[in-house]
file coords.cif (mmCIF, C-alpha atoms)
data_start
#
loop_
_atom_site.label_atom_id
_atom_site.label_comp_id
_atom_site.auth_asym_id
_atom_site.auth_seq_id
_atom_site.Cartn_x
_atom_site.Cartn_y
_atom_site.Cartn_z
CA GLY P 1 -155.64 121.45 118.65
CA VAL P 2 -158.52 123.51 117.30
CA ALA P 3 -159.89 120.46 115.50
CA LEU P 4 -159.83 118.38 118.69
CA VAL P 5 -161.55 121.16 120.62
CA GLY P 6 -164.21 121.36 117.89
CA GLN P 7 -164.75 117.59 118.03
CA GLY P 8 -165.11 117.73 121.80
CA VAL P 9 -167.64 120.56 121.63
CA GLY P 10 -169.57 118.74 118.90
CA ALA P 11 -169.68 115.53 120.93
CA ARG P 12 -170.86 117.48 123.97
CA ASP P 13 -173.57 119.19 121.90
CA ARG P 14 -174.80 115.86 120.54
CA ALA P 15 -174.87 114.32 124.02
CA ALA P 16 -176.80 117.30 125.37
CA ALA P 17 -179.23 117.12 122.46
CA ARG P 18 -179.84 113.40 123.09
CA HIS P 19 -180.41 114.13 126.77
CA LEU P 20 -182.94 116.86 125.99
CA ASP P 21 -184.69 114.64 123.43
CA GLY P 22 -184.98 111.93 126.05
CA GLN P 23 -186.45 114.38 128.54
CA ARG P 24 -189.04 115.63 126.04
CA LYS P 25 -189.97 112.05 125.12
CA ALA P 26 -190.39 111.13 128.79
CA VAL P 27 -192.66 114.15 129.37
CA ARG P 28 -194.77 113.35 126.30
CA THR P 29 -195.29 109.72 127.29
CA ALA P 30 -195.74 110.30 131.05
CA PRO P 31 -199.59 110.08 130.97
CA ALA P 32 -199.45 106.89 128.89
CA ARG P 33 -196.89 105.34 131.22
CA LYS P 34 -199.00 106.25 134.24
CA ARG P 35 -202.04 104.56 132.69
CA ALA P 36 -199.94 101.50 131.80
CA ARG P 37 -198.60 101.29 135.35
CA LYS P 38 -202.11 101.33 136.79
CA ALA P 39 -203.25 98.76 134.22
CA LEU P 40 -200.38 96.45 135.23
CA TRP P 41 -201.33 96.84 138.88
CA ARG P 42 -205.00 96.04 138.14
CA SER P 43 -203.92 93.03 136.09
CA ALA P 44 -201.77 91.69 138.93
CA ALA P 45 -204.59 92.25 141.44
CA ARG P 46 -207.02 90.45 139.13
CA PHE P 47 -204.62 87.52 138.78
CA HIS P 48 -204.19 87.11 142.54
CA GLY P 49 -207.94 87.37 142.97
CA ARG P 50 -208.29 84.47 140.53
CA ARG P 51 -205.73 82.51 142.55
CA LEU P 52 -207.71 83.09 145.73
CA LEU P 53 -210.93 82.01 144.02
CA ALA P 54 -209.18 78.89 142.72
CA ALA P 55 -208.00 78.04 146.23
CA LEU P 56 -211.51 78.47 147.66
CA LEU P 57 -213.06 76.26 144.97
CA ALA P 58 -210.32 73.63 145.19
CA ALA P 59 -210.50 73.28 148.99
CA PRO P 60 -213.72 71.16 149.07
CA LEU P 61 -212.40 68.98 146.25
CA GLY P 62 -209.15 68.61 148.18
CA LEU P 63 -211.08 67.17 151.12
CA LEU P 64 -212.88 64.83 148.74
CA GLY P 65 -209.51 63.83 147.33
CA LEU P 66 -208.45 62.43 150.71
CA ALA P 67 -210.86 59.57 150.01
CA SER P 68 -210.76 59.41 146.20
CA THR P 69 -206.98 59.56 145.72
CA PRO P 70 -206.16 56.20 147.41
CA LEU P 71 -209.01 54.60 145.45
CA GLY P 72 -207.79 56.11 142.21
CA ARG P 73 -204.24 54.91 142.92
CA ARG P 74 -205.45 51.34 143.48
CA LEU P 75 -207.66 51.36 140.37
CA GLY P 76 -205.19 53.25 138.21
CA TRP P 77 -207.73 56.02 137.51
CA ALA P 78 -205.85 59.32 137.42
CA TRP P 79 -209.06 61.37 137.27
CA LEU P 80 -209.88 60.29 140.83
CA MET P 81 -206.52 61.43 142.20
CA TYR P 82 -205.91 64.91 143.66
CA PRO P 83 -209.04 66.59 142.21
CA GLY P 84 -208.57 69.76 144.26
CA ARG P 85 -204.95 70.17 143.23
CA ARG P 86 -205.73 69.58 139.55
CA LEU P 87 -208.56 72.14 139.62
CA TYR P 88 -206.31 74.70 141.32
CA ARG P 89 -203.52 74.15 138.78
CA ALA P 90 -205.88 74.44 135.84
CA MET P 91 -207.48 77.65 137.09
CA THR P 92 -204.18 79.32 138.01
CA ARG P 93 -202.62 78.26 134.70
CA THR P 94 -205.49 79.88 132.81
CA ALA P 95 -205.24 83.01 134.98
CA ALA P 96 -201.48 83.22 134.35
CA GLU P 97 -201.99 82.90 130.59
CA GLN P 98 -204.62 85.66 130.67
CA ARG P 99 -202.32 87.90 132.70
CA THR P 100 -199.49 87.34 130.21
CA ALA P 101 -201.82 88.30 127.37
CA ARG P 102 -202.95 91.44 129.23
CA TYR P 103 -199.34 92.36 129.91
CA ALA P 104 -198.51 92.10 126.21
CA GLU P 105 -201.54 94.26 125.33
CA ILE P 106 -200.55 96.91 127.88
CA ARG P 107 -196.99 97.08 126.59
CA ALA P 108 -198.18 97.26 122.98
CA ALA P 109 -200.62 100.07 123.84
CA LEU P 110 -197.88 101.97 125.65
CA GLU P 111 -195.53 101.69 122.69
CA ALA P 112 -198.29 102.76 120.29
CA GLU P 113 -199.14 105.83 122.39
CA GLY P 114 -195.46 106.74 122.62
CA ALA P 115 -195.11 106.50 118.84
CA ALA P 116 -198.26 108.59 118.36
CA ALA P 117 -196.98 111.26 120.75
CA ALA P 118 -193.68 111.40 118.88
CA ALA P 119 -195.50 111.69 115.55
CA GLU P 120 -197.68 114.53 116.81
CA GLU P 121 -194.72 116.58 117.98
CA ASP P 122 -194.39 119.86 116.06
CA PRO P 123 -191.36 119.57 113.78
CA ASN P 124 -191.08 123.37 113.76
CA GLU P 125 -190.84 123.59 117.52
CA ILE P 126 -188.27 126.23 118.38
CA ALA P 127 -186.52 123.86 120.79
CA ASP P 128 -185.65 121.63 117.84
CA ARG P 129 -184.61 124.38 115.42
CA VAL P 130 -182.50 126.68 117.55
CA GLN P 131 -178.94 125.69 118.42
CA ARG P 132 -178.39 126.39 122.08
CA PRO P 133 -175.27 128.34 123.00
CA THR P 134 -172.56 126.01 124.18
CA HIS P 135 -172.11 127.92 127.44
CA LEU P 136 -175.76 127.17 128.33
CA LEU P 137 -175.62 123.45 127.58
CA PRO P 138 -175.47 121.11 130.58
CA THR P 139 -172.05 119.66 131.19
CA HIS P 140 -171.02 116.57 133.15
CA PRO P 141 -167.59 117.13 134.70
CA THR P 142 -165.73 113.95 135.55
CA ALA P 143 -162.66 115.33 137.25
CA ASP P 144 -164.44 116.36 140.44
CA PRO P 145 -164.54 113.86 143.29
CA VAL P 146 -167.76 111.89 143.63
CA GLU P 147 -169.86 112.93 146.59
CA VAL P 148 -170.90 110.02 148.77
CA VAL P 149 -174.55 110.18 149.74
CA HIS P 150 -175.52 108.25 152.85
CA VAL P 151 -179.02 106.81 152.64
CA THR P 152 -180.81 106.99 155.98
CA GLY P 153 -184.22 105.58 155.07
CA PHE P 154 -185.02 103.05 152.38
CA ARG P 155 -182.06 100.67 151.89
CA PHE P 156 -183.15 98.20 149.27
CA GLU P 157 -179.58 97.00 148.68
CA GLU P 158 -179.26 95.83 152.29
CA ALA P 159 -182.46 93.80 152.13
CA ALA P 160 -181.37 92.33 148.79
CA ALA P 161 -177.93 91.43 150.23
CA GLU P 162 -179.62 89.67 153.14
CA MET P 163 -181.75 87.65 150.70
CA GLU P 164 -178.65 86.70 148.73
CA GLU P 165 -176.84 85.58 151.86
CA ALA P 166 -179.90 83.63 153.04
CA ALA P 167 -180.00 81.76 149.72
CA ARG P 168 -176.28 81.01 149.95
CA THR P 169 -176.50 79.58 153.48
CA TYR P 170 -179.95 77.94 153.14
CA THR P 171 -180.00 74.37 154.50
CA PRO P 172 -183.54 72.96 154.17
CA ASP P 173 -184.79 70.27 156.52
CA GLY P 174 -186.28 68.38 153.57
CA ALA P 175 -187.49 68.60 149.99
CA MET P 176 -191.02 69.47 151.09
CA GLU P 177 -189.62 72.63 152.68
CA ILE P 178 -188.07 73.49 149.32
CA LEU P 179 -191.46 72.93 147.69
CA ALA P 180 -193.07 75.39 150.12
CA MET P 181 -190.36 77.93 149.32
CA VAL P 182 -190.88 77.47 145.58
CA GLU P 183 -194.65 77.87 145.85
CA ASN P 184 -194.14 81.11 147.81
CA LEU P 185 -191.85 82.59 145.15
CA PRO P 186 -194.71 84.37 143.29
CA ALA P 187 -195.72 86.22 146.46
CA ALA P 188 -192.08 87.19 147.12
CA LEU P 189 -191.55 88.46 143.58
CA THR P 190 -194.85 90.35 143.78
CA SER P 191 -193.54 92.26 146.78
CA ILE P 192 -190.25 93.01 145.01
CA ALA P 193 -192.07 94.12 141.85
CA ASN P 194 -194.39 96.33 143.89
CA THR P 195 -191.30 98.00 145.38
CA PHE P 196 -190.35 99.30 141.94
CA ARG P 197 -193.96 100.12 141.05
CA ILE P 198 -194.16 102.34 144.13
CA LEU P 199 -190.80 103.92 143.33
CA ALA P 200 -191.99 104.61 139.77
CA GLU P 201 -195.17 106.27 141.02
CA ARG P 202 -193.40 108.39 143.62
CA ALA P 203 -190.58 109.31 141.24
CA ASP P 204 -193.21 110.44 138.75
CA GLU P 205 -195.40 112.35 141.21
CA GLU P 206 -193.49 113.24 144.39
CA PHE P 207 -189.70 113.10 144.10
CA PRO P 208 -187.75 115.94 142.39
CA LEU P 209 -186.63 113.66 139.55
CA GLU P 210 -186.73 113.73 135.77
CA LYS P 211 -189.38 111.62 134.03
CA GLU P 212 -186.69 109.34 132.61
CA VAL P 213 -185.94 108.04 136.11
CA ALA P 214 -189.59 107.10 136.67
CA ALA P 215 -189.57 105.40 133.27
CA GLY P 216 -186.53 103.38 134.34
CA PHE P 217 -188.31 102.18 137.47
CA GLU P 218 -191.33 101.26 135.33
CA ASP P 219 -189.13 99.17 133.02
CA ILE P 220 -187.76 97.28 136.03
CA TYR P 221 -191.31 96.71 137.30
CA ALA P 222 -192.41 95.41 133.90
CA ALA P 223 -189.45 93.03 133.76
CA LEU P 224 -190.28 91.70 137.23
CA VAL P 225 -193.90 91.13 136.20
CA GLY P 226 -192.52 88.82 133.51
CA ALA P 227 -190.39 87.08 136.14
CA MET P 228 -193.52 86.56 138.24
CA ASP P 229 -195.01 84.56 135.36
CA LYS P 230 -191.98 82.25 135.40
CA ALA P 231 -192.20 81.92 139.17
CA GLU P 232 -195.83 80.79 138.83
CA GLU P 233 -194.65 77.90 136.67
CA MET P 234 -192.09 76.66 139.21
CA GLY P 235 -194.59 75.19 141.70
CA PRO P 236 -196.47 73.05 139.13
CA LEU P 237 -193.14 72.02 137.57
CA PHE P 238 -191.78 70.94 140.95
CA ARG P 239 -194.91 68.94 141.72
CA ARG P 240 -194.97 67.32 138.28
CA VAL P 241 -191.40 66.06 138.25
CA HIS P 242 -191.53 64.99 141.92
CA GLU P 243 -195.12 63.71 141.98
CA ALA P 244 -194.24 60.27 143.36
CA ASP P 245 -191.95 61.73 146.04
CA ILE P 246 -194.55 64.27 147.13
CA ALA P 247 -197.30 61.62 147.22
CA ARG P 248 -195.33 59.63 149.80
CA HIS P 249 -195.37 62.71 152.06
CA GLU P 250 -198.90 63.95 151.42
CA GLU P 251 -200.55 60.52 151.12
CA PRO P 252 -198.34 58.19 153.19
CA ARG P 253 -199.20 54.49 153.05
CA ASN P 254 -200.19 53.27 156.51
CA GLY P 255 -199.07 56.53 158.10
CA THR P 256 -195.96 58.67 158.13
CA GLU P 257 -193.92 56.34 160.31
CA ALA P 258 -194.60 53.35 158.02
CA GLU P 259 -193.58 55.38 154.97
CA LYS P 260 -190.22 56.15 156.58
CA GLY P 261 -189.32 52.52 155.94
CA TRP P 262 -188.35 53.57 152.40
CA ASN P 263 -185.78 56.05 153.67
CA VAL P 264 -182.20 54.90 153.09
#

call {"tool": "encode", "arguments": {"input": "coords.cif", "output": "C-alpha cells"}}
result
Amino acid sequence: GVALVGQGVGARDRAAARHLDGQRKAVRTAPARKRARKALWRSAARFHGRRLLAALLAAPLGLLGLASTPLGRRLGWAWLMYPGRRLYRAMTRTAAEQRTARYAEIRAALEAEGAAAAAEEDPNEIADRVQRPTHLLPTHPTADPVEVVHVTGFRFEEAAAEMEEAARTYTPDGAMEILAMVENLPAALTSIANTFRILAERADEEFPLEKEVAAGFEDIYAALVGAMDKAEEMGPLFRRVHEADIARHEEPRNGTEAEKGWNV
C-alpha cells in the first residue's frame, strides 16, 4: 500500500513539474510568438494585396481575351486564349509560393528563438532545484462532477455545425456554382484562420489564461494558414481539369441557348 501511494505521489509530482515547465516555456517564448503572429498576419495581408493587384492587372487582358480567345481557339494558338486568366493564375501562384516560403521562415525563426530562450535559462534557478512540498503542488481531482459552463457570447461550435450541415445538404444548381464556391474557399478559410488569430491575441493579452492556451490557438492558426495554401490551389485545379466544360459556359458558341444543344 505504501509503495502504491509513493508511486501515485511521484506520478503527481512529475505531472506537476511538466505543467510548470510548460508554463515557464510559454512565458519565455511569448514575445517571440507574438512577433511570429504579427508576421503571419502581415504575410497574409501581403498575399491578398498581391491577389488584388493581379485581379486589377488581369481585368484589361480579360476584356481583350473576349476577342482573342475565339481567334486562338480557331487557330490552335493557346497563347491567344484567356490572357487575363493566365496572368492572374501566374501572379497568384507566385504570390502563394512566396507566402509559403515566408511562413516556413517565420516558423523556423520562432523555433530558433524558443530554443535560444531555453538555452539561456539559468540552470541554477531555484524553481528548478527546489522540490516543492506535495501539499502545495496543483492537483486535478477527477471524482468531482464537471461543471457545465453555458457560453452566452461567442459560439464558434454553432457556426461550425451550421457550415457542416450546409455542406451535407448542399444541392448546387450547376457545376459553375461549385466553381464559384471553390474559388471563394480561400476567403472563407482566411476568416476562419483569423478567428483563431484573434483568439490567440486576446488570450495572450486580455483573457485571464495561461500562455499555453494562447500558444494552442496560435498553433491552430498556423495550421489553418497551411490549409489556406491548399485552398488557393483548388480553383486553378478545378479550372484545369474542367477547362473544356468551363469554356462552353464562359465562351459559348453562338450564344448560351445554342450551346445548350449539347446538354443530354

call {"tool": "resolve_selection", "arguments": {"input": "coords.cif", "expression": "the PyMOL selection byres ((chain P and resi 225-238) around 8)", "output": "PyMOL selection string"}}
result
chain P and resi 89+96+100+179+182-183+185-186+189-190+193+221-224+239-242

call {"tool": "atom_distance", "arguments": {"input": "coords.cif", "atom1": "CA of Ala214 in chain P", "atom2": "CA of Leu199 in chain P"}}
result
7.5 Å

call {"tool": "resolve_selection", "arguments": {"input": "coords.cif", "expression": "the PyMOL selection byres ((chain P and resi 81) around 10)", "output": "PDB file with C-alpha atoms, in the coordinates of the input"}}
result
ATOM      1  CA  GLY P  62    -209.150  68.610 148.180  1.00  0.00           C
ATOM      2  CA  LEU P  64    -212.880  64.830 148.740  1.00  0.00           C
ATOM      3  CA  GLY P  65    -209.510  63.830 147.330  1.00  0.00           C
ATOM      4  CA  LEU P  66    -208.450  62.430 150.710  1.00  0.00           C
ATOM      5  CA  ALA P  67    -210.860  59.570 150.010  1.00  0.00           C
ATOM      6  CA  SER P  68    -210.760  59.410 146.200  1.00  0.00           C
ATOM      7  CA  THR P  69    -206.980  59.560 145.720  1.00  0.00           C
ATOM      8  CA  PRO P  70    -206.160  56.200 147.410  1.00  0.00           C
ATOM      9  CA  LEU P  71    -209.010  54.600 145.450  1.00  0.00           C
ATOM     10  CA  GLY P  72    -207.790  56.110 142.210  1.00  0.00           C
ATOM     11  CA  ARG P  73    -204.240  54.910 142.920  1.00  0.00           C
ATOM     12  CA  GLY P  76    -205.190  53.250 138.210  1.00  0.00           C
ATOM     13  CA  TRP P  77    -207.730  56.020 137.510  1.00  0.00           C
ATOM     14  CA  ALA P  78    -205.850  59.320 137.420  1.00  0.00           C
ATOM     15  CA  TRP P  79    -209.060  61.370 137.270  1.00  0.00           C
ATOM     16  CA  LEU P  80    -209.880  60.290 140.830  1.00  0.00           C
ATOM     17  CA  TYR P  82    -205.910  64.910 143.660  1.00  0.00           C
ATOM     18  CA  PRO P  83    -209.040  66.590 142.210  1.00  0.00           C
ATOM     19  CA  GLY P  84    -208.570  69.760 144.260  1.00  0.00           C
ATOM     20  CA  ARG P  85    -204.950  70.170 143.230  1.00  0.00           C
ATOM     21  CA  ARG P  86    -205.730  69.580 139.550  1.00  0.00           C
TER      22      ARG P  86
END

call {"tool": "residues_around", "arguments": {"input": "coords.cif", "residues": "Met176 in chain P", "least_positions_apart": "5", "cutoff": "10 Å", "atoms": "all atoms listed in the file", "output": "list in words"}}
result
Met181, Val182, Asp245, Ile246, His249 and Glu250 of chain P

call {"tool": "write_last_selection", "arguments": {"input": "coords.cif", "atoms": "C-alpha atoms", "output": "PDB file, in the coordinates of the input"}}
result
ATOM      1  CA  MET P 181    -190.360  77.930 149.320  1.00  0.00           C
ATOM      2  CA  VAL P 182    -190.880  77.470 145.580  1.00  0.00           C
ATOM      3  CA  ASP P 245    -191.950  61.730 146.040  1.00  0.00           C
ATOM      4  CA  ILE P 246    -194.550  64.270 147.130  1.00  0.00           C
ATOM      5  CA  HIS P 249    -195.370  62.710 152.060  1.00  0.00           C
ATOM      6  CA  GLU P 250    -198.900  63.950 151.420  1.00  0.00           C
TER       7      GLU P 250
END

call {"tool": "atom_distance", "arguments": {"input": "coords.cif", "atom1": "CA of Phe196 in chain P", "atom2": "CA of Val213 in chain P"}}
result
11.4 Å

call {"tool": "closest_residue", "arguments": {"input": "coords.cif", "among": "P:Glu243, P:Ala187, P:Ser43, P:Asp204", "to": "Glu105 in chain P", "atoms": "only C-alpha atoms"}}
result
P:Ser43

call {"tool": "axis_aligned_box", "arguments": {"input": "coords.cif", "around": "range 175-189 of chain P", "padding_each_side": "5 Å", "output": "lines of an AutoDock Vina configuration file"}}
result
center_x = -191.6
center_y = 78.5
center_z = 148.0
size_x = 18.2
size_y = 29.9
size_z = 19.4

call {"tool": "atom_distance", "arguments": {"input": "coords.cif", "atom1": "CA of Ala39 in chain P", "atom2": "CA of Arg99 in chain P"}}
result
11.0 Å

call {"tool": "closest_residue", "arguments": {"input": "coords.cif", "among": "P:His48, P:Arg35, P:Arg168, P:Glu97", "to": "Leu110 in chain P", "atoms": "all atoms listed in the file"}}
result
P:Arg35

call {"tool": "resolve_selection", "arguments": {"input": "coords.cif", "expression": "the PyMOL selection byres ((chain P and resi 47) around 9)", "output": "PyMOL selection string"}}
result
chain P and resi 42-46+48-52+92+95-96+98-99

call {"tool": "closest_residue", "arguments": {"input": "coords.cif", "among": "P:Ile220, P:Ala116, P:Ile106, P:Met91", "to": "Ala54 in chain P", "atoms": "only C-alpha atoms"}}
result
P:Met91

call {"tool": "closest_residue", "arguments": {"input": "coords.cif", "among": "P:Ser191, P:Ala244, P:Glu111, P:Ala180", "to": "Arg33 in chain P", "atoms": "all atoms listed in the file"}}
result
P:Glu111
